[in-house]
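Asker: mmCIF, C-alpha atoms, saved as data-v1.cif, coming up:
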```cif
data_data
loop_
_atom_site.label_atom_id
_atom_site.label_comp_id
_atom_site.auth_asym_id
_atom_site.auth_seq_id
_atom_site.Cartn_x
_atom_site.Cartn_y
_atom_site.Cartn_z
CA MET I 68 -14.47 -18.97 -18.32
CA ASN I 69 -11.52 -20.62 -20.09
CA HIS I 70 -9.01 -19.47 -17.46
CA ILE I 71 -11.02 -21.16 -14.69
CA GLU I 72 -11.38 -24.37 -16.71
CA SER I 73 -7.61 -24.36 -17.28
CA PHE I 74 -7.03 -23.83 -13.56
CA TYR I 75 -9.12 -26.82 -12.53
CA LYS I 76 -7.43 -28.98 -15.15
CA GLY I 77 -4.08 -28.08 -13.55
CA LEU I 78 -5.58 -28.61 -10.10
CA GLY I 79 -6.51 -32.17 -11.02
CA LYS I 80 -2.91 -32.95 -11.96
CA ALA I 81 -1.60 -31.42 -8.72
CA MET I 82 -4.14 -33.37 -6.65
CA ASP I 83 -3.01 -36.62 -8.29
CA ALA I 84 0.60 -36.07 -7.24
CA LYS I 85 1.89 -38.90 -5.06
CA PRO I 86 2.15 -39.41 -2.18
CA LEU I 87 0.68 -35.98 -1.34
CA PRO I 88 -1.09 -33.24 -3.35
CA ASP I 89 1.35 -30.75 -4.88
CA VAL I 90 0.17 -27.72 -2.89
CA PRO I 91 2.90 -25.33 -4.16
CA ALA I 92 1.82 -26.13 -7.73
CA ILE I 93 -1.83 -25.52 -6.79
CA VAL I 94 -0.98 -22.10 -5.35
CA ASP I 95 1.07 -21.24 -8.46
CA GLU I 96 -1.94 -22.19 -10.60
CA LEU I 97 -4.13 -20.03 -8.36
CA LEU I 98 -1.91 -16.98 -8.81
CA GLU I 99 -1.75 -17.66 -12.54
CA LEU I 100 -5.56 -17.85 -12.69
CA ALA I 101 -5.88 -14.41 -11.11
CA GLN I 102 -3.23 -12.97 -13.41
CA GLN I 103 -4.72 -14.43 -16.59
CA SER I 104 -8.21 -13.27 -15.56
CA LYS I 105 -6.87 -9.74 -14.95
CA ALA I 106 -8.32 -9.85 -11.45
CA SER I 107 -7.47 -7.09 -9.00
CA ASP I 108 -8.34 -9.28 -6.00
CA LEU I 109 -8.69 -12.95 -5.16
CA HIS I 110 -10.75 -14.03 -2.15
CA LEU I 111 -10.43 -17.49 -0.55
CA THR I 112 -13.32 -18.08 1.86
CA PRO I 113 -13.53 -21.33 3.87
CA PHE I 114 -16.81 -23.18 4.45
CA SER I 115 -16.91 -26.29 6.62
CA ASP I 116 -19.42 -28.09 4.40
CA SER I 117 -17.92 -27.39 0.96
CA GLY I 118 -14.29 -26.28 1.01
CA LEU I 119 -12.41 -23.12 0.05
CA ARG I 120 -14.50 -20.88 -2.22
CA LEU I 121 -12.67 -18.80 -4.83
CA ASP I 122 -13.93 -15.37 -5.85
CA LEU I 123 -12.22 -13.08 -8.35
CA ARG I 124 -12.78 -9.33 -8.48
CA ILE I 125 -12.64 -8.42 -12.16
CA ASP I 126 -13.34 -4.85 -13.29
CA GLY I 127 -14.59 -4.12 -9.77
CA VAL I 128 -17.17 -6.92 -9.62
CA ILE I 129 -16.89 -10.27 -7.82
CA GLN I 130 -16.95 -13.27 -10.16
CA PRO I 131 -17.25 -16.83 -8.76
CA GLY I 132 -14.25 -19.04 -9.46
CA GLY I 133 -15.32 -22.37 -8.02
CA THR I 134 -14.29 -24.24 -4.86
CA LEU I 135 -11.14 -26.02 -3.74
CA PRO I 136 -11.61 -29.34 -1.89
CA GLN I 137 -11.85 -29.25 1.89
CA SER I 138 -8.94 -31.69 2.13
CA ILE I 139 -6.38 -29.12 0.90
CA SER I 140 -7.96 -25.84 2.06
CA SER I 141 -5.78 -25.29 5.11
CA GLN I 142 -2.65 -26.36 3.20
CA VAL I 143 -3.32 -23.84 0.43
CA VAL I 144 -3.77 -21.02 2.95
CA ALA I 145 -0.63 -22.11 4.79
CA ARG I 146 1.37 -22.06 1.54
CA ILE I 147 0.18 -18.54 0.76
CA LYS I 148 1.20 -17.48 4.29
CA VAL I 149 4.68 -18.93 3.75
CA LEU I 150 5.06 -17.01 0.48
CA SER I 151 3.97 -13.76 2.17
CA SER I 152 6.13 -14.26 5.30
CA LEU I 153 3.19 -14.65 7.68
CA LEU I 154 3.06 -16.86 10.78
CA THR I 155 1.57 -20.18 9.75
CA TYR I 156 0.89 -21.25 13.35
CA ARG I 157 -1.21 -18.15 14.13
CA THR I 158 -4.67 -18.76 12.74
CA ASP I 159 -6.53 -16.82 15.41
CA VAL I 160 -5.43 -13.27 14.54
CA PRO I 161 -5.52 -11.13 11.37
CA GLN I 162 -2.21 -10.86 9.53
CA GLU I 163 -0.92 -8.84 6.58
CA GLY I 164 2.00 -9.55 4.29
CA ARG I 165 3.19 -9.45 0.69
CA ILE I 166 4.35 -11.81 -2.03
CA ALA I 167 7.28 -10.31 -3.90
CA PRO I 168 6.86 -9.67 -7.63
CA GLU I 169 8.26 -12.16 -10.13
CA PRO I 170 9.44 -10.23 -13.21
CA ALA I 171 10.25 -13.45 -15.10
CA ARG I 172 6.56 -14.43 -14.94
CA LYS I 173 5.39 -10.82 -15.25
CA ARG I 174 3.68 -11.35 -11.91
CA PRO I 175 3.13 -8.17 -9.87
CA GLU I 176 3.48 -7.74 -6.13
CA VAL I 177 0.62 -9.32 -4.21
CA ARG I 178 -0.68 -7.93 -0.91
CA VAL I 179 -2.01 -10.69 1.35
CA SER I 180 -4.45 -10.38 4.25
CA THR I 181 -5.72 -13.24 6.44
CA PHE I 182 -8.67 -13.06 8.79
CA PRO I 183 -10.02 -15.72 11.21
CA THR I 184 -13.59 -17.01 10.72
CA ILE I 185 -15.54 -19.82 12.39
CA ASP I 186 -14.69 -22.11 9.45
CA GLY I 187 -11.01 -21.22 9.16
CA GLU I 188 -8.90 -18.38 7.78
CA ARG I 189 -10.30 -16.17 5.05
CA THR I 190 -7.55 -14.94 2.73
CA ALA I 191 -7.65 -11.90 0.46
CA LEU I 192 -4.99 -11.28 -2.16
CA ARG I 193 -4.66 -7.95 -3.96
CA PHE I 194 -2.62 -7.84 -7.15
CA LEU I 195 -0.87 -4.51 -7.53
CA VAL I 196 -0.66 -2.96 -10.97
CA GLN I 197 2.35 -3.88 -13.07
CA ALA I 198 4.76 -1.17 -14.14
CA GLU I 199 3.85 -1.39 -17.81
CA SER I 200 0.15 -1.09 -16.95
CA ARG I 201 0.37 2.01 -14.81
CA HIS I 202 -1.74 4.90 -15.97
CA GLU I 203 -0.19 8.06 -17.30
CA PHE I 204 -2.11 11.29 -16.88
CA ALA I 205 -3.22 11.48 -20.51
CA SER I 206 -4.60 7.92 -20.40
CA LEU I 207 -6.95 8.42 -17.43
CA GLY I 208 -9.83 9.22 -19.77
CA LEU I 209 -10.76 12.55 -18.18
CA PRO I 210 -13.00 14.91 -20.18
CA ALA I 211 -10.81 17.40 -22.06
CA PRO I 212 -11.89 20.49 -20.04
CA VAL I 213 -11.21 18.66 -16.75
CA GLN I 214 -7.87 17.33 -17.97
CA ASN I 215 -6.75 20.78 -19.11
CA GLU I 216 -7.78 22.48 -15.86
CA LEU I 217 -6.20 19.79 -13.69
CA SER I 218 -2.99 19.91 -15.75
CA ARG I 219 -2.83 23.66 -15.22
CA LEU I 220 -3.22 23.29 -11.46
CA LEU I 221 -0.52 20.61 -11.31
CA ALA I 222 1.92 23.23 -12.55
CA ASP I 223 0.95 25.61 -9.73
CA THR I 224 3.23 26.20 -6.76
CA SER I 225 0.72 26.02 -3.92
CA GLY I 226 -2.76 24.89 -2.98
CA MET I 227 -4.54 21.59 -2.47
CA ILE I 228 -6.05 19.22 -5.04
CA ILE I 229 -8.34 16.53 -3.62
CA PHE I 230 -9.42 13.28 -5.26
CA THR I 231 -12.49 11.70 -3.74
CA GLY I 232 -14.69 8.64 -4.01
CA PRO I 233 -15.38 5.38 -2.17
CA THR I 234 -12.94 2.47 -1.89
CA GLY I 235 -12.15 1.06 -5.32
CA SER I 236 -13.02 4.20 -7.27
CA GLY I 237 -9.48 4.70 -8.60
CA LYS I 238 -8.40 7.63 -6.42
CA THR I 239 -4.87 6.34 -5.88
CA THR I 240 -4.46 5.58 -9.58
CA THR I 241 -5.40 9.18 -10.39
CA LEU I 242 -3.13 10.53 -7.66
CA TYR I 243 -0.15 8.54 -9.00
CA ALA I 244 -0.88 9.60 -12.58
CA CYS I 245 -0.88 13.26 -11.48
CA LEU I 246 2.46 12.81 -9.69
CA ARG I 247 3.93 11.36 -12.89
CA GLU I 248 2.50 14.32 -14.80
CA ILE I 249 4.24 16.74 -12.42
CA LEU I 250 7.51 14.87 -13.00
CA ASN I 251 7.00 15.12 -16.75
CA GLN I 252 6.03 18.79 -16.64
CA SER I 253 8.95 19.81 -14.44
CA ARG I 254 11.50 17.41 -15.98
CA GLY I 255 12.64 16.56 -12.47
CA SER I 256 13.11 20.15 -11.32
CA ARG I 257 10.51 19.91 -8.51
CA SER I 258 11.11 18.09 -5.23
CA ILE I 259 8.24 15.64 -4.60
CA VAL I 260 7.57 13.70 -1.40
CA SER I 261 4.69 11.31 -0.75
CA LEU I 262 3.30 10.01 2.56
CA GLU I 263 1.30 6.83 2.07
CA ASP I 264 -0.33 4.04 4.08
CA PRO I 265 1.21 1.95 2.56
CA VAL I 266 3.19 2.81 -0.58
CA GLU I 267 1.30 1.00 -3.34
CA SER I 268 3.61 1.65 -6.26
CA ALA I 269 7.19 2.89 -6.49
CA ILE I 270 7.70 5.94 -8.72
CA THR I 271 11.24 6.81 -9.76
CA GLY I 272 11.98 10.45 -8.93
CA ILE I 273 9.68 10.70 -5.90
CA ALA I 274 10.69 10.24 -2.26
CA GLN I 275 7.95 7.93 -0.95
CA THR I 276 7.38 7.20 2.74
CA SER I 277 5.21 4.39 4.09
CA LEU I 278 3.33 5.22 7.27
CA ASP I 279 4.42 3.17 10.28
CA ARG I 280 1.98 3.70 13.12
CA ARG I 281 3.96 1.35 15.37
CA ALA I 282 6.83 3.84 15.32
CA GLY I 283 4.46 6.63 16.25
CA LEU I 284 4.68 8.15 12.79
CA GLY I 285 1.14 9.40 12.30
CA LEU I 286 0.29 11.32 9.14
CA ALA I 287 -0.14 14.66 10.89
CA ARG I 288 3.31 14.36 12.44
CA LEU I 289 4.87 13.23 9.18
CA VAL I 290 3.39 16.18 7.27
CA LYS I 291 4.95 18.62 9.73
CA SER I 292 8.30 16.82 9.55
CA VAL I 293 8.42 16.54 5.77
CA MET I 294 7.94 20.29 5.39
CA ARG I 295 11.48 20.63 6.77
CA GLN I 296 12.72 18.53 3.83
CA ASP I 297 12.23 21.45 1.42
CA PRO I 298 9.66 19.80 -0.88
CA ASP I 299 7.84 21.59 -3.68
CA VAL I 300 5.06 19.01 -3.89
CA ILE I 301 3.61 16.83 -1.13
CA ALA I 302 1.27 13.90 -1.70
CA ILE I 303 -0.74 12.46 1.21
CA GLY I 304 -2.37 9.06 0.75
CA GLU I 305 -5.57 10.10 2.49
CA ILE I 306 -6.93 12.75 4.86
CA ARG I 307 -8.90 10.89 7.53
CA ASP I 308 -8.95 13.16 10.55
CA ARG I 309 -8.79 16.74 11.71
CA ALA I 310 -5.12 16.63 12.74
CA THR I 311 -4.01 15.48 9.29
CA ALA I 312 -6.31 17.99 7.61
CA ARG I 313 -4.93 20.89 9.64
CA ALA I 314 -1.32 19.86 8.90
CA ALA I 315 -2.12 19.49 5.20
CA PHE I 316 -3.69 22.95 4.95
CA GLN I 317 -0.76 24.44 6.81
CA ALA I 318 1.49 23.02 4.10
CA THR I 319 -0.64 24.50 1.30
CA LEU I 320 -0.65 27.93 2.94
CA THR I 321 3.14 27.97 3.28
CA GLY I 322 3.93 27.53 -0.40
CA HIS I 323 3.49 23.83 -1.19
CA LEU I 324 1.35 22.09 -3.78
CA LEU I 325 -0.43 19.24 -2.00
CA LEU I 326 -2.29 16.31 -3.56
CA THR I 327 -4.43 14.01 -1.45
CA THR I 328 -7.52 11.80 -1.35
CA MET I 329 -10.61 11.66 0.83
CA HIS I 330 -13.46 9.20 1.18
CA ALA I 331 -16.60 11.12 0.24
CA GLY I 332 -19.52 10.72 -2.13
CA ASP I 333 -18.84 13.77 -4.28
CA CYS I 334 -17.17 17.18 -4.30
CA VAL I 335 -19.77 18.77 -2.04
CA GLU I 336 -19.31 16.09 0.62
CA VAL I 337 -15.58 16.87 0.69
CA LEU I 338 -16.33 20.47 1.60
CA THR I 339 -18.90 19.57 4.25
CA ARG I 340 -16.60 16.92 5.76
CA LEU I 341 -13.80 19.46 6.08
CA MET I 342 -16.23 21.94 7.63
CA ASP I 343 -17.22 19.24 10.13
CA MET I 344 -13.52 18.88 10.97
CA ASN I 345 -13.65 22.57 12.00
CA ILE I 346 -11.26 23.73 9.29
CA PRO I 347 -11.83 27.52 9.18
CA PRO I 348 -13.74 28.71 6.08
CA TYR I 349 -11.00 31.15 5.09
CA VAL I 350 -8.53 28.25 5.06
CA LEU I 351 -10.81 26.19 2.83
CA ARG I 352 -11.32 29.16 0.49
CA SER I 353 -7.63 29.89 0.04
CA GLY I 354 -6.28 26.35 0.36
CA ILE I 355 -8.36 24.16 -1.98
CA LYS I 356 -7.82 24.73 -5.70
CA GLY I 357 -9.89 21.88 -7.09
CA ILE I 358 -11.74 18.67 -6.19
CA LEU I 359 -12.16 15.66 -8.47
CA ALA I 360 -14.87 13.13 -7.56
CA GLN I 361 -14.75 9.88 -9.48
CA ARG I 362 -16.27 6.44 -9.96
CA LEU I 363 -15.20 3.50 -12.11
CA LEU I 364 -17.80 2.07 -14.49
CA ARG I 365 -17.35 -1.13 -16.46
CA ARG I 366 -16.89 -0.53 -20.18
CA LEU I 367 -19.24 -2.45 -22.46
CA CYS I 368 -17.71 -5.14 -24.64
CA ASP I 369 -17.77 -3.84 -28.22
CA GLN I 370 -18.11 -7.38 -29.51
CA CYS I 371 -21.32 -8.44 -27.77
CA ARG I 372 -23.15 -5.34 -26.49
CA VAL I 373 -26.86 -5.22 -27.34
CA LEU I 374 -28.85 -2.16 -28.46
CA LYS I 375 -32.03 -1.47 -26.47
CA THR I 376 -34.84 0.86 -27.52
CA ALA I 377 -37.24 3.03 -25.55
CA ALA I 378 -39.93 0.32 -25.66
CA GLU I 379 -37.62 -2.05 -23.78
CA GLN I 380 -36.69 0.38 -21.03
CA SER I 381 -37.17 -0.48 -17.38
CA THR I 382 -39.05 1.50 -14.77
CA TYR I 383 -35.84 3.14 -13.52
CA SER I 384 -36.05 6.86 -14.19
CA PHE I 385 -32.39 6.93 -15.23
CA ASN I 386 -33.06 4.56 -18.14
CA GLN I 387 -35.91 6.75 -19.32
CA GLU I 388 -33.46 9.54 -20.14
CA PHE I 389 -32.41 7.65 -23.29
CA ASN I 390 -34.26 6.80 -26.50
CA GLU I 391 -31.84 3.95 -27.00
CA TYR I 392 -28.81 2.59 -25.23
CA PHE I 393 -26.56 -0.46 -25.05
CA GLU I 394 -26.68 -3.22 -22.44
CA PRO I 395 -24.35 -6.21 -21.98
CA ARG I 396 -25.13 -9.62 -23.40
CA VAL I 397 -24.18 -12.12 -20.72
CA GLY I 398 -23.06 -15.46 -22.09
CA HIS I 399 -20.28 -16.88 -24.20
CA CYS I 400 -17.90 -14.26 -25.57
CA ASP I 401 -14.17 -14.92 -25.93
CA ILE I 402 -13.40 -11.20 -25.74
CA CYS I 403 -15.04 -10.39 -22.38
CA GLY I 404 -15.33 -13.88 -20.89
CA GLY I 405 -19.12 -13.78 -21.04
CA THR I 406 -19.53 -10.84 -18.64
CA GLY I 407 -20.56 -8.32 -21.30
CA TYR I 408 -17.91 -5.86 -20.10
CA GLN I 409 -14.22 -5.36 -20.70
CA GLY I 410 -12.16 -2.83 -18.78
CA ARG I 411 -13.37 0.28 -16.96
CA ILE I 412 -13.85 3.99 -17.56
CA MET I 413 -14.17 6.95 -15.20
CA ALA I 414 -17.20 9.06 -14.47
CA VAL I 415 -16.08 12.29 -12.84
CA GLN I 416 -17.20 15.57 -11.34
CA TRP I 417 -14.76 18.46 -11.28
CA LEU I 418 -15.19 21.39 -8.91
CA ASP I 419 -13.13 24.54 -9.29
CA THR I 420 -13.37 26.20 -5.87
CA SER I 421 -13.11 29.66 -7.47
CA LEU I 422 -16.53 29.02 -9.05
CA ASN I 423 -18.73 32.11 -8.93
CA GLY I 424 -20.53 32.22 -5.56
CA LEU I 425 -18.77 29.20 -4.05
CA PRO I 426 -16.19 31.11 -1.95
CA ASP I 427 -19.02 33.08 -0.31
CA ALA I 428 -20.97 29.87 0.32
CA ILE I 429 -17.91 28.37 2.03
CA SER I 430 -17.41 31.53 4.10
CA ASN I 431 -21.01 31.30 5.26
CA ARG I 432 -20.59 27.57 6.05
CA ALA I 433 -23.48 26.75 3.73
CA ASP I 434 -24.99 23.27 4.01
CA SER I 435 -24.70 20.63 1.30
CA LYS I 436 -28.19 21.33 -0.09
CA THR I 437 -27.34 24.99 -0.66
CA ILE I 438 -24.00 24.21 -2.28
CA ARG I 439 -25.54 21.56 -4.58
CA GLN I 440 -28.13 24.07 -5.75
CA LEU I 441 -25.34 26.57 -6.44
CA LEU I 442 -23.54 23.95 -8.56
CA ARG I 443 -26.72 23.23 -10.52
CA ASP I 444 -27.25 26.95 -11.10
CA GLN I 445 -23.69 27.22 -12.40
CA GLU I 446 -24.25 24.12 -14.58
CA VAL I 447 -21.47 22.11 -12.95
CA MET I 448 -21.80 18.56 -14.28
CA SER I 449 -22.56 15.92 -11.66
CA LEU I 450 -21.17 12.40 -11.52
CA ARG I 451 -24.49 11.08 -12.77
CA GLY I 452 -24.53 13.65 -15.58
CA HIS I 453 -21.14 12.55 -16.82
CA ALA I 454 -22.18 8.90 -16.49
CA ALA I 455 -25.25 9.64 -18.65
CA ASN I 456 -22.95 11.05 -21.34
CA LEU I 457 -20.93 7.83 -21.27
CA VAL I 458 -24.16 5.86 -21.75
CA LYS I 459 -25.09 8.03 -24.74
CA GLN I 460 -21.67 7.33 -26.25
CA GLY I 461 -22.30 3.59 -25.93
CA LEU I 462 -19.36 3.13 -23.57
CA THR I 463 -21.33 1.81 -20.60
CA SER I 464 -24.89 0.82 -19.72
CA PRO I 465 -27.66 2.34 -17.56
CA SER I 466 -27.64 -0.81 -15.41
CA GLU I 467 -23.94 -0.33 -14.71
CA VAL I 468 -24.47 3.32 -13.76
CA ILE I 469 -27.26 2.29 -11.38
CA ARG I 470 -25.05 -0.43 -9.89
CA VAL I 471 -22.29 2.07 -9.11
CA LEU I 472 -24.22 5.30 -8.40
CA GLY I 473 -27.56 3.91 -7.20
CA ILE I 474 -31.06 4.55 -8.47
CA GLY I 475 -30.73 8.30 -7.89
#
```
If you took the structure in this file and wrote it as structure tokens, what would it be?

Answerer:
Amino acid sequence: MNHIESFYKGLGKAMDAKPLPDVPAIVDELLELAQQSKASDLHLTPFSDSGLRLDLRIDGVIQPGGTLPQSISSQVVARIKVLSSLLTYRTDVPQEGRIAPEPARKRPEVRVSTFPTIDGERTALRFLVQAESRHEFASLGLPAPVQNELSRLLADTSGMIIFTGPTGSGKTTTLYACLREILNQSRGSRSIVSLEDPVESAITGIAQTSLDRRAGLGLARLVKSVMRQDPDVIAIGEIRDRATARAAFQATLTGHLLLTTMHAGDCVEVLTRLMDMNIPPYVLRSGIKGILAQRLLRRLCDQCRVLKTAAEQSTYSFNQEFNEYFEPRVGHCDICGGTGYQGRIMAVQWLDTSLNGLPDAISNRADSKTIRQLLRDQEVMSLRGHAANLVKQGLTSPSEVIRVLGIG
């Protein structure tokens, strides 16, 4: 990759600095490498026999970035800790900090985490999205029926909308886009408060609170307190436990629109998880308006994608659904850096909880197998079904769907 080659060229100059290597310049080059590569994360992992290994997460996938010499590994980590206001003399405990954004360089805020290993401190840097790159609701890429239904619910005055998926599936991006849509719809006439852990992106017009567990400000307590602030809309970063879930549903049942996220595989798992938290069925029925499950799939590079035919298909049953499809060509491509992919798209499943038969299934505390069969009978599209449509459109590949969703 050209960005990596450029980085190591700059590294050589910094290493030649006399009388000592120019470590601040090396770290600047490192941050520039991540920015130019459009990486969301940069991992620095120490190994006693080789040095500090660089890994870049680009479009959700780890890409190797080479290795820094052992002689400067600890100095590079120490410099990053200085920039993020961490204790340089504590190498035996995990630490978290941030590097402030640099508008002049168009460099976003960077979240920094260090973690002790037997070979030294492992450092993870997360590059937060820049203001000009933040997604608006219309640019999320949702299917038109889902976008229209979700937009309608965002204008409602009460109820809960849940976004679900594993870590890195874009839940927070969707949540933020929906909050911006509410601001646009209401032209600032609705009071919006968010409770996050931590606040990932500042949105003008929204009162955002970062959770501070050290001050005893748990989410459940914050939800109860913020209801006294007369909000119209409440956003909760994530529902993780029964106490937070109960407080959230109390807010929805007392005339608030509430947006939140949960870690679950799909829409059905959200319902079963909430049932396992002993949320009464009548509360689930009346409280939840809609659930959006999502995954991020890498988008094929238009420049170098390769058409495959049925005769070339693998033994995976998912591939056999297509007479022809596109796969990436891995190698030299200036557009995608040789990965075969450029950018990402969403595969989604939307569940309207007023779906015929679903309220009764919730009331009867039906198991996941029963609810999934109900969704199939009602022809509710699954995540894999939407992903298959994206393959047919030539936007992604069967191998990418299998990587993200499994063999199925």

Asker: Which residues are close to Gln296 in chain I, i.e. within 10 Å by all atoms listed in the file, leaving aside same-chain residues fewer than 5 positions away? Reply as a list of chain:residue names.

Answerer: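 Counting only the stated atoms, we get I:Ser258, I:Ile259, I:Val260, I:Lys291.
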
Asker: Please enumerate the residues selected by the PyMOL selection byres ((chain I and resi 305) around 12) when evaluated against the supplied file, formatted as a PyMOL selection string.

Answerer: chain I and resi 228-234+238-239+242+261-266+278+285-287+290+301-304+306-309+311-312+315+325-331

Asker: Quick one: apply the PyMOL selection byres ((chain I and resi 463) around 7) to the file and drop the selected residues here as a list of chain:residue names.

Answerer: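 Output of the PyMOL selection byres ((chain I and resi 463) around 7): I:Arg365, I:Arg366, I:Leu367, I:Leu457, I:Val458, I:Gly461, I:Leu462, I:Ser464, I:Glu467.
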
Asker: Could you tell me which residues the PyMOL selection byres ((chain I and resi 194) around 7) returns for this structure, as a list in words?

Answerer: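 That expression, the PyMOL selection byres ((chain I and resi 194) around 7), corresponds here to Ser107, Asp108, Pro175, Glu176, Val177, Arg178, Leu192, Arg193, Leu195 and Val196 of chain I.
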
Asker: Which residues, written as a list in words, have at least one atom at most 7 Å from Asp223 in chain I, with only C-alpha atoms counted and residues fewer than 3 positions away on the same chain left out?

Answerer: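 Using only C-alpha atoms, the neighbours found are Arg219, Leu220 and Leu324 of chain I.
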
Asker: Please dump the current selection as a PDB file, keeping the file's coordinate frame; keep C-alpha atoms.

Answerer:
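As written to disk, again.pdb reads:
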```
ATOM      1  CA  ARG I 219      -2.830  23.660 -15.220  1.00  0.00           C
ATOM      2  CA  LEU I 220      -3.220  23.290 -11.460  1.00  0.00           C
ATOM      3  CA  LEU I 324       1.350  22.090  -3.780  1.00  0.00           C
TER       4      LEU I 324
END
```

Asker: List the residues sitting within 10 Å of (-18.5, -23.8, 1.8) in the file's frame, using only C-alpha atoms, as a list in words.

Answerer: Thr112, Pro113, Phe114, Ser115, Asp116, Ser117, Gly118, Leu119, Arg120, Thr134, Leu135, Pro136, Gln137 and Asp186 of chain I

Asker: Suppose you want the space between CA of Leu425 in chain I and CA of Ile412 in chain I; what is it in Å?

Answerer: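 Spanning CA of Leu425 in chain I to CA of Ile412 in chain I is a straight-line distance of 29.0 Å.
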
Asker: Could you tell me which of I:Lys356, I:Arg172, I:Arg362, I:His110 comes closest to Leu221 in chain I if we count only C-alpha atoms?

Answerer: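 Looking only at the distances to Leu221 in chain I, the closest residue turns out to be I:Lys356.
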